[in-house]
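Chemist: So that we are looking at the same thing, I have put the structure below in structure tokens.
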Amino acid sequence: MSTDTAILAPAGRSYRGDITDPDRWATWKPNKGDILVCTPPKCGTTWTQTILAMLVNGGPDLPQKLPILSPWVDADLGISAKEVSVTLAGQKGRRVVKTHTPGDGFPIWQDVVVIAVYRHPLDVFFSLRKHAANMKNAEEDHIMRAPIPQAIRAFLEGASDVNDFDRDTLATLVHHYTETVLSRRFPDLRLFHYSDMIRDGRTTVARLAKAANIDADAALLDAVTEATAFGAMKANAANYAPVGGTGFWISDESFFDSASSKKWEGQLSEDEIELYHERLANLIPDNRARAWLENGDG
């Protein structure tokens with residue numbers, strides 16, 4: 001029986017950036033049951049991928065490092081498209097892949113599970129700052145390395161540009177949310193929020209198993225929960241962090257920062273917080289949709 005999956009609707013547009021390359025979607029030919037983790041950056045992507053990869057593979061002992069086993073399919077991270085394609089084609093059973101592209105930037109495939117994860121935008125901002133500081137070869141004038149007053153204004157006031165989508169701004173994050181969630185493009189989208197996920201690791205693992213239609217018994221849920229706890233992943237960061245073990249990061253361990261929320265408390269002025277709320281309200285007029293992006297279901 002064929003495992004190929006049909007395209008129910010084509011992509012609505014292409015997104016491109018310094019890393020994001022829409023031509024690389026061709027490296028992944030989706031099969032029925034494959035799982036696509038679709039998130040903005042710094043929203044728990046790697047954690048979610050790792051949980052799902054372990055569930056799909058029946059336990060914590062993954063056959064390859066996570067970034068090889070579960071690639072960022074539309075990104076050029078120095079590995080050839082052919083190598084990514086061969087690795088994915090060689091995997092038996094369900095595959096887990098990731099993208100930071102919004103939902104209108106790829107097709108709707110029949111029987112492919114799309115899992116989206118979001119996080120409070122100000123937590124994303126402070127996580128992006130740690131991310132930039134940990135890049136070994138990041139430009140000295142990288143805006144996220146600037147003092148907070150300069151960096152937060154750039155983040156809040158910057159535009160969203162589909163032709164420069166790797167420049168992270170509040171508008172880019174909201175655009176991802178709008179085109180993936182608020183558009184209702186995916187009737188069966190599985191939606192998660194980082195603040196809900198970090199409250200209870202085992203509940204998160206169980207919810208992801210259910211969302212991805214993975215039959216996981218209590219022993220598997222316990223094993224994956226233990227292996228994907230923050231300390232466990234940080235201790236094995238070279239196996240999980242994107243391009244881990246290659247020298248891209250000053251510290252692979254620092255890719256996993258704190259697994260916390262409300263990073264902005266005590267860090268921003270009242271004027272900066274007011275500007276954030278004004279900008280977010282302009283981008284998302286609906287109160288309920290705005291509140292969920294910030295706080296999830298909790």
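Following the order of the structure tokens, first chain is A, next is B, and so on, with residues numbered from 1 inside each chain and ligands from 1 in the order they appear.
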As a ChimeraX atom specification, please: every residue in stretch 67-234 of chain A that a backbone DSSP assignment puts in helix (DSSP H, G or I).

Modeler: /A:67-69,81-89,103-105,121-133,143-145,148-157,170-182,194-197,201-211,218-227,230-234

Chemist: Can you build me a table of stretch 14-76 of chain A residues sitting at most 10 Å from stretch 255-263 of chain A, with the closest atom pair per residue and its distance in Å to one decimal, using only C-alpha atoms, sorted by chain and residue number, as JSON lines?

Modeler:
{"residue": "A:Lys42", "atom": "CA", "partner": "A:Phe255", "partner_atom": "CA", "distance": 9.9}
{"residue": "A:Gly44", "atom": "CA", "partner": "A:Ala259", "partner_atom": "CA", "distance": 8.6}
{"residue": "A:Thr46", "atom": "CA", "partner": "A:Phe256", "partner_atom": "CA", "distance": 9.3}
{"residue": "A:Trp47", "atom": "CA", "partner": "A:Phe256", "partner_atom": "CA", "distance": 9.3}

Chemist: Write the residues of the selection above to a file with N, CA, C and O atoms, as a PDB file, in the first residue's frame.

Modeler:
ATOM      1  N   LYS A  42      12.153  30.117  18.757  1.00  0.00           N
ATOM      2  CA  LYS A  42      12.244  30.242  20.215  1.00  0.00           C
ATOM      3  C   LYS A  42      10.898  30.053  20.908  1.00  0.00           C
ATOM      4  O   LYS A  42      10.591  30.699  21.908  1.00  0.00           O
ATOM      5  N   GLY A  44       9.863  26.726  21.670  1.00  0.00           N
ATOM      6  CA  GLY A  44       9.851  25.341  22.121  1.00  0.00           C
ATOM      7  C   GLY A  44       9.923  24.334  20.996  1.00  0.00           C
ATOM      8  O   GLY A  44       9.542  23.169  21.168  1.00  0.00           O
ATOM      9  N   THR A  46      12.522  22.792  19.398  1.00  0.00           N
ATOM     10  CA  THR A  46      13.414  21.642  19.573  1.00  0.00           C
ATOM     11  C   THR A  46      12.878  20.684  20.628  1.00  0.00           C
ATOM     12  O   THR A  46      12.953  19.460  20.467  1.00  0.00           O
ATOM     13  N   TRP A  47      12.324  21.221  21.697  1.00  0.00           N
ATOM     14  CA  TRP A  47      11.724  20.384  22.736  1.00  0.00           C
ATOM     15  C   TRP A  47      10.571  19.565  22.154  1.00  0.00           C
ATOM     16  O   TRP A  47      10.481  18.353  22.354  1.00  0.00           O
TER      17      TRP A  47
END

Chemist: Pick the closest to A:Trp249 from A:Arg167, A:Ala237, A:Val97, A:Ala75: which is it, counting only C-alpha atoms?

Modeler: A:Ala237

Chemist: What is the atom CA of A:Val73-atom CA of A:Leu122 distance in Å, reported with one decimal?

Modeler: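 Answer for the atom CA of A:Val73 to atom CA of A:Leu122 separation: 26.8 Å.
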
Chemist: Write down as a VMD selection string the residues of stretch 46-170 of chain A whose backbone DSSP state falls under strand (DSSP E).

Modeler: chain A and resid 96 to 99 108 to 109 113 to 118

Chemist: Those residues you just picked out, can you put them in a file as a PDB file, in the first residue's frame with C-alpha atoms?

Modeler:
ATOM      1  CA  VAL A  96       9.059  14.313  12.292  1.00  0.00           C
ATOM      2  CA  VAL A  97      10.283  17.499  10.581  1.00  0.00           C
ATOM      3  CA  LYS A  98      10.212  21.181  11.480  1.00  0.00           C
ATOM      4  CA  THR A  99       9.696  24.579   9.901  1.00  0.00           C
ATOM      5  CA  ILE A 108      -1.992  21.139   3.136  1.00  0.00           C
ATOM      6  CA  TRP A 109      -1.209  17.444   2.856  1.00  0.00           C
ATOM      7  CA  VAL A 113      -0.189  16.076  11.270  1.00  0.00           C
ATOM      8  CA  VAL A 114       0.671  19.771  11.748  1.00  0.00           C
ATOM      9  CA  ILE A 115       1.562  20.774  15.308  1.00  0.00           C
ATOM     10  CA  ALA A 116       1.969  24.500  16.022  1.00  0.00           C
ATOM     11  CA  VAL A 117       3.508  25.944  19.189  1.00  0.00           C
ATOM     12  CA  TYR A 118       3.523  29.586  20.340  1.00  0.00           C
TER      13      TYR A 118
END

Chemist: Can you work out which one of A:Ala9, A:Asp4, A:Ala133, A:Asp215 has the shortest atom-to-atom distance to A:Pro147, counting only C-alpha atoms?

Modeler: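 Residue with the minimum atom-to-atom distance to A:Pro147: A:Ala133.
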
Chemist: A:Thr50: which residues within 10 Å, counting only C-alpha atoms, same-chain residues fewer than 6 positions away excluded, as number ranges by chain?

Modeler: A: 56, 60, 62, 65-67, 69-70, 96, 224, 227-228, 233, 240-241

Chemist: Which of these, A:Pro242, A:Pro285, A:Pro149, A:Pro40, has the shortest distance to A:Thr172 once you count only C-alpha atoms?

Modeler: A:Pro40

Chemist: For stretch 176-182 of chain A, please output as a list in words all residues within 7 Å (counting only C-alpha atoms; exclusion window: fewer than 5 positions along the same chain).

Modeler: Pro40, Pro102, Gly103 and Asp104 of chain A

Chemist: Please write the residues from the selection above to a file, keeping N, CA, C and O atoms, as a PDB file, in the first residue's frame.

Modeler:
ATOM      1  N   PRO A  40       7.061  29.665  15.268  1.00  0.00           N
ATOM      2  CA  PRO A  40       8.046  30.745  15.174  1.00  0.00           C
ATOM      3  C   PRO A  40       9.295  30.344  15.954  1.00  0.00           C
ATOM      4  O   PRO A  40       9.240  29.448  16.805  1.00  0.00           O
ATOM      5  N   PRO A 102       5.271  30.155   8.236  1.00  0.00           N
ATOM      6  CA  PRO A 102       3.839  30.155   8.553  1.00  0.00           C
ATOM      7  C   PRO A 102       3.060  29.161   7.699  1.00  0.00           C
ATOM      8  O   PRO A 102       3.522  28.709   6.649  1.00  0.00           O
ATOM      9  N   GLY A 103       1.832  28.862   8.147  1.00  0.00           N
ATOM     10  CA  GLY A 103       1.040  27.807   7.523  1.00  0.00           C
ATOM     11  C   GLY A 103       0.649  28.035   6.088  1.00  0.00           C
ATOM     12  O   GLY A 103       0.323  27.070   5.382  1.00  0.00           O
ATOM     13  N   ASP A 104       0.661  29.285   5.624  1.00  0.00           N
ATOM     14  CA  ASP A 104       0.328  29.506   4.215  1.00  0.00           C
ATOM     15  C   ASP A 104       1.542  29.327   3.310  1.00  0.00           C
ATOM     16  O   ASP A 104       1.430  29.482   2.091  1.00  0.00           O
TER      17      ASP A 104
END

Chemist: Pick from A:Ile19, A:Leu36, A:Ala146, A:Leu189: nearest to A:Thr48, with only C-alpha atoms counted?

Modeler: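 Result for the nearest residue to A:Thr48: A:Leu36.
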
Chemist: Give me the residues near A:Asn213 as an MDAnalysis selection string, where near means some atom within 12 Å (using only C-alpha atoms) and where sequence neighbours in that chain fewer than 2 positions away do not count.

Modeler: chainID A and resid 32:35 52 55:56 94 111:115 190 206:211 215:216

Chemist: Write the residues you've just listed into a file as an mmCIF file, in the first residue's frame, and include N, CA and C atoms for each of them.

Modeler:
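Heads up, here's the output in out_7.cif:
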data_model
loop_
_atom_site.group_PDB
_atom_site.id
_atom_site.type_symbol
_atom_site.label_atom_id
_atom_site.label_comp_id
_atom_site.auth_asym_id
_atom_site.auth_seq_id
_atom_site.Cartn_x
_atom_site.Cartn_y
_atom_site.Cartn_z
ATOM 1 N N LYS A 32 1.935 9.535 4.639
ATOM 2 C CA LYS A 32 0.815 9.537 5.572
ATOM 3 C C LYS A 32 1.332 9.299 6.994
ATOM 4 N N GLY A 33 0.900 10.143 7.905
ATOM 5 C CA GLY A 33 1.313 10.009 9.292
ATOM 6 C C GLY A 33 2.518 10.836 9.673
ATOM 7 N N ASP A 34 3.218 11.424 8.708
ATOM 8 C CA ASP A 34 4.337 12.303 9.048
ATOM 9 C C ASP A 34 3.842 13.474 9.885
ATOM 10 N N ILE A 35 4.765 14.045 10.678
ATOM 11 C CA ILE A 35 4.422 15.124 11.603
ATOM 12 C C ILE A 35 5.283 16.341 11.278
ATOM 13 N N LEU A 52 8.361 14.308 20.165
ATOM 14 C CA LEU A 52 7.675 13.578 19.097
ATOM 15 C C LEU A 52 8.584 12.534 18.462
ATOM 16 N N LEU A 55 8.733 9.605 20.807
ATOM 17 C CA LEU A 55 7.467 8.861 20.785
ATOM 18 C C LEU A 55 7.355 8.016 19.520
ATOM 19 N N VAL A 56 7.695 8.598 18.386
ATOM 20 C CA VAL A 56 7.611 7.877 17.114
ATOM 21 C C VAL A 56 8.581 6.706 17.084
ATOM 22 N N ARG A 94 6.958 6.737 10.485
ATOM 23 C CA ARG A 94 6.617 8.147 10.500
ATOM 24 C C ARG A 94 7.857 9.006 10.715
ATOM 25 N N ASP A 111 -3.474 13.616 5.663
ATOM 26 C CA ASP A 111 -2.911 12.677 6.635
ATOM 27 C C ASP A 111 -1.509 13.049 7.113
ATOM 28 N N VAL A 112 -1.156 14.333 7.037
ATOM 29 C CA VAL A 112 0.061 14.844 7.668
ATOM 30 C C VAL A 112 -0.369 15.681 8.870
ATOM 31 N N VAL A 113 0.173 15.373 10.039
ATOM 32 C CA VAL A 113 -0.189 16.076 11.270
ATOM 33 C C VAL A 113 0.649 17.349 11.384
ATOM 34 N N VAL A 114 -0.019 18.498 11.546
ATOM 35 C CA VAL A 114 0.671 19.771 11.748
ATOM 36 C C VAL A 114 0.472 20.194 13.195
ATOM 37 N N ILE A 115 1.587 20.359 13.904
ATOM 38 C CA ILE A 115 1.562 20.774 15.308
ATOM 39 C C ILE A 115 2.219 22.149 15.403
ATOM 40 N N ARG A 190 -3.118 20.978 15.344
ATOM 41 C CA ARG A 190 -2.911 20.688 16.765
ATOM 42 C C ARG A 190 -2.129 21.851 17.353
ATOM 43 N N ALA A 206 2.083 13.417 27.019
ATOM 44 C CA ALA A 206 0.842 12.687 26.740
ATOM 45 C C ALA A 206 -0.033 13.434 25.742
ATOM 46 N N ARG A 207 -0.111 14.751 25.880
ATOM 47 C CA ARG A 207 -0.925 15.550 24.946
ATOM 48 C C ARG A 207 -0.346 15.499 23.525
ATOM 49 N N LEU A 208 0.979 15.548 23.430
ATOM 50 C CA LEU A 208 1.598 15.478 22.099
ATOM 51 C C LEU A 208 1.390 14.103 21.483
ATOM 52 N N ALA A 209 1.474 13.055 22.284
ATOM 53 C CA ALA A 209 1.210 11.707 21.765
ATOM 54 C C ALA A 209 -0.212 11.613 21.232
ATOM 55 N N LYS A 210 -1.153 12.138 21.986
ATOM 56 C CA LYS A 210 -2.552 12.111 21.546
ATOM 57 C C LYS A 210 -2.745 12.950 20.288
ATOM 58 N N ALA A 211 -2.136 14.135 20.253
ATOM 59 C CA ALA A 211 -2.283 15.022 19.099
ATOM 60 C C ALA A 211 -1.740 14.390 17.821
ATOM 61 N N ASP A 215 0.184 5.799 19.825
ATOM 62 C CA ASP A 215 -0.259 4.932 20.920
ATOM 63 C C ASP A 215 0.913 4.740 21.878
ATOM 64 N N ALA A 216 0.880 5.453 22.999
ATOM 65 C CA ALA A 216 1.992 5.413 23.954
ATOM 66 C C ALA A 216 1.497 4.922 25.301
#

Chemist: Could you check which of A:Thr204, A:Asn295, A:Ser85, A:Ser254 is closest to A:Gly231, using only C-alpha atoms?

Modeler: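 Distance minimum relative to A:Gly231 lands on A:Ser254.
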